[in-house]
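K.L.:
Just so it is clear, I am handing over work.txt, which has compact mmCIF, C-alpha atoms.
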# COMPACT_ATOMS: atom_id res chain seq x y z
CA TYR A 2 105.41 121.92 143.91
CA ASP A 3 105.85 118.38 142.49
CA SER A 4 106.73 117.09 145.96
CA ILE A 5 105.30 113.63 145.33
CA ASN A 6 107.79 113.10 142.49
CA HIS A 7 110.54 112.97 145.11
CA LEU A 8 109.15 109.63 146.29
CA THR A 9 110.70 107.11 143.95
CA THR A 10 108.43 104.06 144.28
CA LEU A 11 104.77 103.47 143.52
CA HIS A 12 104.45 101.95 146.99
CA ASP A 13 105.57 105.26 148.55
CA TRP A 14 103.10 107.23 146.40
CA GLN A 15 100.28 104.96 147.55
CA ARG A 16 101.37 105.30 151.19
CA VAL A 17 101.13 109.10 150.85
CA PHE A 18 97.67 108.86 149.27
CA ARG A 19 96.53 106.54 152.09
CA SER A 20 97.94 108.89 154.73
CA VAL A 21 96.26 111.96 153.21
CA TYR A 22 92.99 110.02 153.00
CA LYS A 23 93.20 109.10 156.71
CA HIS A 24 93.50 112.80 157.59
CA LEU A 25 90.52 113.98 155.53
CA MET A 26 86.83 113.68 156.21
CA THR A 27 84.60 112.09 153.57
CA GLY A 28 84.36 114.59 150.73
CA GLY A 29 87.57 116.37 151.79
CA ILE A 30 89.65 117.82 148.97
CA PHE A 31 93.23 116.78 148.12
CA ILE A 32 95.11 118.86 145.52
CA PHE A 33 98.62 118.08 144.29
CA ASP A 34 100.74 118.41 141.17
CA ILE A 35 103.22 116.14 139.43
CA ASN A 36 105.99 116.37 136.90
CA THR A 37 105.06 113.97 134.10
CA PRO A 38 107.31 111.36 132.48
CA GLN A 39 107.31 113.59 129.37
CA LYS A 40 108.79 116.53 131.27
CA LEU A 41 111.52 114.53 132.99
CA SER A 42 112.38 112.70 129.75
CA ARG A 43 112.64 116.04 127.93
CA LEU A 44 114.92 117.46 130.62
CA ALA A 45 117.09 114.32 130.55
CA ALA A 46 117.49 114.64 126.76
CA GLN A 47 118.71 118.24 127.02
CA PRO A 48 122.24 119.40 127.80
CA PRO A 49 122.89 120.74 131.31
CA VAL A 50 121.38 124.12 132.14
CA VAL A 51 123.75 126.80 133.46
CA HIS A 52 122.56 129.79 135.48
CA GLU A 53 124.90 132.54 136.60
CA PHE A 54 123.82 134.86 139.38
CA GLU A 55 125.84 137.34 141.39
CA GLU A 56 129.24 135.63 141.51
CA SER A 57 127.96 132.04 141.64
CA THR A 58 127.29 129.50 138.91
CA TYR A 59 124.57 126.85 139.12
CA ILE A 60 124.56 123.82 136.81
CA LEU A 61 121.58 121.47 136.57
CA ASN A 62 121.69 118.22 134.64
CA VAL A 63 118.82 115.71 134.66
CA THR A 64 119.62 112.08 133.84
CA LYS A 65 117.40 109.05 133.42
CA ARG A 66 118.21 106.36 135.99
CA GLY A 67 115.48 103.79 135.30
CA LYS A 68 112.16 103.32 133.54
CA ASN A 69 110.39 105.88 135.76
CA THR A 70 113.25 107.38 137.75
CA PHE A 71 115.46 110.37 137.10
CA ASP A 72 118.23 112.16 138.96
CA TRP A 73 118.59 115.93 139.12
CA HIS A 74 122.32 116.65 139.45
CA ALA A 75 122.64 120.12 140.96
CA ARG A 76 126.01 121.83 141.30
CA LEU A 77 126.61 125.27 142.75
CA PHE A 78 130.02 126.90 142.41
CA HIS A 79 130.38 129.69 144.94
CA PRO A 80 133.52 131.87 144.99
CA LEU A 81 135.64 131.86 148.14
CA ALA A 82 138.68 133.78 146.98
CA GLU A 83 140.31 134.66 143.69
CA GLU A 84 140.33 131.50 141.53
CA GLN A 85 139.00 129.44 144.42
CA PHE A 86 135.45 128.09 144.57
CA ARG A 87 133.35 126.03 146.91
CA LEU A 88 131.37 123.27 145.19
CA ILE A 89 128.01 122.34 146.67
CA GLU A 90 126.63 119.27 144.95
CA GLU A 91 123.37 117.39 145.37
CA VAL A 92 121.66 114.55 143.53
CA ILE A 93 117.88 114.77 143.83
CA PRO A 94 115.95 111.66 142.74
CA GLU A 95 112.50 111.93 141.18
CA ALA A 96 110.03 109.43 139.78
CA ALA A 97 107.26 110.11 137.28
CA TYR A 98 104.33 107.94 136.28
CA PRO A 99 101.62 108.31 133.63
CA ALA A 100 98.40 110.01 134.75
CA ALA A 101 96.50 106.74 134.29
CA LYS A 102 98.78 105.02 136.82
CA VAL A 103 98.37 107.90 139.29
CA ARG A 104 94.58 107.63 138.94
CA GLU A 105 94.84 103.90 139.63
CA LEU A 106 96.79 104.55 142.84
CA LEU A 107 94.29 107.20 143.95
CA HIS A 108 91.18 105.13 143.22
CA PRO A 109 90.88 103.23 146.55
CA PHE A 110 90.92 106.50 148.48
CA PHE A 111 89.76 109.32 146.21
CA GLN A 112 87.46 110.22 143.39
CA VAL A 113 89.50 112.23 140.90
CA VAL A 114 87.40 115.34 140.27
CA THR A 115 89.67 116.82 137.61
CA VAL A 116 93.17 116.70 136.19
CA ARG A 117 94.38 120.03 134.81
CA ASP A 118 97.24 121.15 132.65
CA PHE A 119 97.39 124.93 132.81
CA GLU A 120 99.60 125.06 129.70
CA ARG A 121 96.93 123.59 127.41
CA GLU A 122 93.17 123.37 127.19
CA ARG A 123 93.07 119.73 128.28
CA PRO A 124 95.71 117.32 129.56
CA SER A 125 97.63 115.43 126.89
CA ALA A 126 99.15 112.03 127.65
CA SER A 127 101.99 112.77 125.23
CA LYS A 128 102.57 116.52 125.78
CA SER A 129 101.61 117.58 129.32
CA GLU A 130 104.60 118.31 131.53
CA ARG A 131 102.89 119.26 134.80
CA LEU A 132 99.50 117.99 135.88
CA TYR A 133 97.35 119.17 138.78
CA PHE A 134 95.04 116.61 140.40
CA VAL A 135 91.95 117.65 142.36
CA CYS A 136 90.52 114.73 144.32
CA ARG A 137 87.67 114.14 146.76
CA ALA A 138 88.00 111.63 149.63
CA ARG A 139 85.73 108.61 149.30
CA SER A 140 83.51 107.45 152.16
CA SER A 141 85.27 105.00 154.43
CA GLY A 142 82.43 102.47 154.24
Mind turning the file's structure into structure tokens?
P.N.:
Amino acid sequence: YDSINHLTTLHDWQRVFRSVYKHLMTGGIFIFDINTPQKLSRLAAQPPVVHEFEESTYILNVTKRGKNTFDWHARLFHPLAEEQFRLIEEVIPEAAYPAAKVRELLHPFFQVVTVRDFERERPSASKSERLYFVCRARSSG
């Protein structure tokens, strides 16, 4: 589930694609999904999201750090005693790149069979928020 977005440089994305390619036979299938720049930009433009469950409160705030990088600021307040809480805090970096750039990174290793957006009939460069890539490993020759 959008695992590749947690790698924050194009170089790291390409290293993953190369590694997957090395572990597949010619014609092997590689399927993955990404959060798009549109989704992360939308989340960064929104106020923090607050979820309350049982006695705990979870606050998520996405901020834009750079051109393609975002930070997910996650805070969990868990009660310890009356009026006393334990704060668990994590900053989770993500990067997002346009589908065309992802295709470019895949090209040396894979043929992109399809790119799907299950929220709409066909992927939209300006509207898609999650894209699924289905790729076939190229021959090594």
K.L.:
Quick check, in Å to one decimal: how far apart do CA of His79 (chain A) and CA of Pro48 (chain A) lie?
P.N.:
21.6 Å
K.L.:
In Å to one decimal, how far is CA of Ile30 (chain A) from CA of Gln112 (chain A)?
P.N.:
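Pair CA of Gln112 (chain A) / CA of Ile30 (chain A) returns 9.7 Å.
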K.L.:
As a ChimeraX atom specification, please: the residues near region 12-24 of chain A (cut-off 8 Å, all atoms listed in the file, same-chain neighbours under 6 positions excluded).
P.N.:
/A:5,31,106-107,110-111,138
K.L.:
So how far away is CA of Phe119 (chain A) from CA of Ala45 (chain A), in Å?
P.N.:
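Separation of CA of Ala45 (chain A) and CA of Phe119 (chain A): 22.5 Å.
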K.L.:
Of the candidates A:Val116, A:Leu44, A:Ala96, A:Leu132, which shows the shortest atom-to-atom distance to Tyr2 (chain A), using only C-alpha atoms?
P.N.:
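Smallest distance to Tyr2 (chain A) is found for A:Leu132.
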K.L.:
Return the single residue from A:Leu88, A:Val50, A:Leu41, A:Ile32 that is closest to Asp72 (chain A), with distances computed using all atoms listed in the file.
P.N.:
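Between A:Leu88, A:Val50, A:Leu41, A:Ile32, the residue approaching Asp72 (chain A) most closely is A:Leu41.
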K.L.:
From the options A:Asp118, A:Arg76, A:Ala101, A:Gly28, which residue's atoms come nearest to His52 (chain A), counting all atoms listed in the file?
P.N.:
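Closest to His52 (chain A), using all atoms listed in the file: A:Arg76.
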K.L.:
Take region 110-134 of chain A, model N, CA and C atoms, and hand the result over as a PDB file, in the coordinates of the input.
P.N.:
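Written file, part39.pdb:
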ATOM      1  N   PHE A 110      91.081 105.476 147.458  1.00  0.00           N
ATOM      2  CA  PHE A 110      90.920 106.500 148.480  1.00  0.00           C
ATOM      3  C   PHE A 110      90.165 107.748 148.006  1.00  0.00           C
ATOM      4  N   PHE A 111      90.275 108.050 146.727  1.00  0.00           N
ATOM      5  CA  PHE A 111      89.760 109.320 146.210  1.00  0.00           C
ATOM      6  C   PHE A 111      89.013 109.145 144.899  1.00  0.00           C
ATOM      7  N   GLN A 112      88.060 110.028 144.708  1.00  0.00           N
ATOM      8  CA  GLN A 112      87.460 110.220 143.390  1.00  0.00           C
ATOM      9  C   GLN A 112      88.249 111.367 142.770  1.00  0.00           C
ATOM     10  N   VAL A 113      88.773 111.158 141.576  1.00  0.00           N
ATOM     11  CA  VAL A 113      89.500 112.230 140.900  1.00  0.00           C
ATOM     12  C   VAL A 113      88.455 113.151 140.267  1.00  0.00           C
ATOM     13  N   VAL A 114      88.380 114.377 140.763  1.00  0.00           N
ATOM     14  CA  VAL A 114      87.400 115.340 140.270  1.00  0.00           C
ATOM     15  C   VAL A 114      87.862 115.911 138.933  1.00  0.00           C
ATOM     16  N   THR A 115      89.133 116.280 138.868  1.00  0.00           N
ATOM     17  CA  THR A 115      89.670 116.820 137.610  1.00  0.00           C
ATOM     18  C   THR A 115      91.190 116.683 137.602  1.00  0.00           C
ATOM     19  N   VAL A 116      91.730 116.636 136.404  1.00  0.00           N
ATOM     20  CA  VAL A 116      93.170 116.700 136.190  1.00  0.00           C
ATOM     21  C   VAL A 116      93.385 117.851 135.223  1.00  0.00           C
ATOM     22  N   ARG A 117      94.199 118.822 135.623  1.00  0.00           N
ATOM     23  CA  ARG A 117      94.380 120.030 134.810  1.00  0.00           C
ATOM     24  C   ARG A 117      95.827 120.184 134.365  1.00  0.00           C
ATOM     25  N   ASP A 118      95.950 120.718 133.183  1.00  0.00           N
ATOM     26  CA  ASP A 118      97.240 121.150 132.650  1.00  0.00           C
ATOM     27  C   ASP A 118      97.033 122.605 132.286  1.00  0.00           C
ATOM     28  N   PHE A 119      97.632 123.513 133.032  1.00  0.00           N
ATOM     29  CA  PHE A 119      97.390 124.930 132.810  1.00  0.00           C
ATOM     30  C   PHE A 119      98.114 125.477 131.584  1.00  0.00           C
ATOM     31  N   GLU A 120      98.916 124.649 130.923  1.00  0.00           N
ATOM     32  CA  GLU A 120      99.600 125.060 129.700  1.00  0.00           C
ATOM     33  C   GLU A 120      98.765 124.778 128.448  1.00  0.00           C
ATOM     34  N   ARG A 121      97.764 123.924 128.565  1.00  0.00           N
ATOM     35  CA  ARG A 121      96.930 123.590 127.410  1.00  0.00           C
ATOM     36  C   ARG A 121      95.482 123.424 127.861  1.00  0.00           C
ATOM     37  N   GLU A 122      94.590 123.417 126.884  1.00  0.00           N
ATOM     38  CA  GLU A 122      93.170 123.370 127.190  1.00  0.00           C
ATOM     39  C   GLU A 122      92.780 122.106 127.960  1.00  0.00           C
ATOM     40  N   ARG A 123      93.344 120.978 127.562  1.00  0.00           N
ATOM     41  CA  ARG A 123      93.070 119.730 128.280  1.00  0.00           C
ATOM     42  C   ARG A 123      94.357 118.923 128.363  1.00  0.00           C
ATOM     43  N   PRO A 124      94.489 118.115 129.409  1.00  0.00           N
ATOM     44  CA  PRO A 124      95.710 117.320 129.560  1.00  0.00           C
ATOM     45  C   PRO A 124      95.966 116.415 128.364  1.00  0.00           C
ATOM     46  N   SER A 125      97.217 116.277 128.008  1.00  0.00           N
ATOM     47  CA  SER A 125      97.630 115.430 126.890  1.00  0.00           C
ATOM     48  C   SER A 125      98.596 114.381 127.412  1.00  0.00           C
ATOM     49  N   ALA A 126      98.283 113.118 127.173  1.00  0.00           N
ATOM     50  CA  ALA A 126      99.150 112.030 127.650  1.00  0.00           C
ATOM     51  C   ALA A 126     100.546 112.136 127.062  1.00  0.00           C
ATOM     52  N   SER A 127     100.673 112.724 125.878  1.00  0.00           N
ATOM     53  CA  SER A 127     101.990 112.770 125.230  1.00  0.00           C
ATOM     54  C   SER A 127     102.686 114.126 125.364  1.00  0.00           C
ATOM     55  N   LYS A 128     101.969 115.183 125.770  1.00  0.00           N
ATOM     56  CA  LYS A 128     102.570 116.520 125.780  1.00  0.00           C
ATOM     57  C   LYS A 128     102.596 117.209 127.144  1.00  0.00           C
ATOM     58  N   SER A 129     101.674 116.880 128.029  1.00  0.00           N
ATOM     59  CA  SER A 129     101.610 117.580 129.320  1.00  0.00           C
ATOM     60  C   SER A 129     102.873 117.336 130.123  1.00  0.00           C
ATOM     61  N   GLU A 130     103.386 118.405 130.733  1.00  0.00           N
ATOM     62  CA  GLU A 130     104.600 118.310 131.530  1.00  0.00           C
ATOM     63  C   GLU A 130     104.347 118.461 133.023  1.00  0.00           C
ATOM     64  N   ARG A 131     103.283 119.129 133.390  1.00  0.00           N
ATOM     65  CA  ARG A 131     102.890 119.260 134.800  1.00  0.00           C
ATOM     66  C   ARG A 131     101.371 119.110 134.849  1.00  0.00           C
ATOM     67  N   LEU A 132     100.930 118.219 135.719  1.00  0.00           N
ATOM     68  CA  LEU A 132      99.500 117.990 135.880  1.00  0.00           C
ATOM     69  C   LEU A 132      99.096 118.288 137.322  1.00  0.00           C
ATOM     70  N   TYR A 133      97.918 118.871 137.472  1.00  0.00           N
ATOM     71  CA  TYR A 133      97.350 119.170 138.780  1.00  0.00           C
ATOM     72  C   TYR A 133      96.146 118.267 138.981  1.00  0.00           C
ATOM     73  N   PHE A 134      96.134 117.517 140.072  1.00  0.00           N
ATOM     74  CA  PHE A 134      95.040 116.610 140.400  1.00  0.00           C
ATOM     75  C   PHE A 134      94.198 117.239 141.510  1.00  0.00           C
TER      76      PHE A 134
END
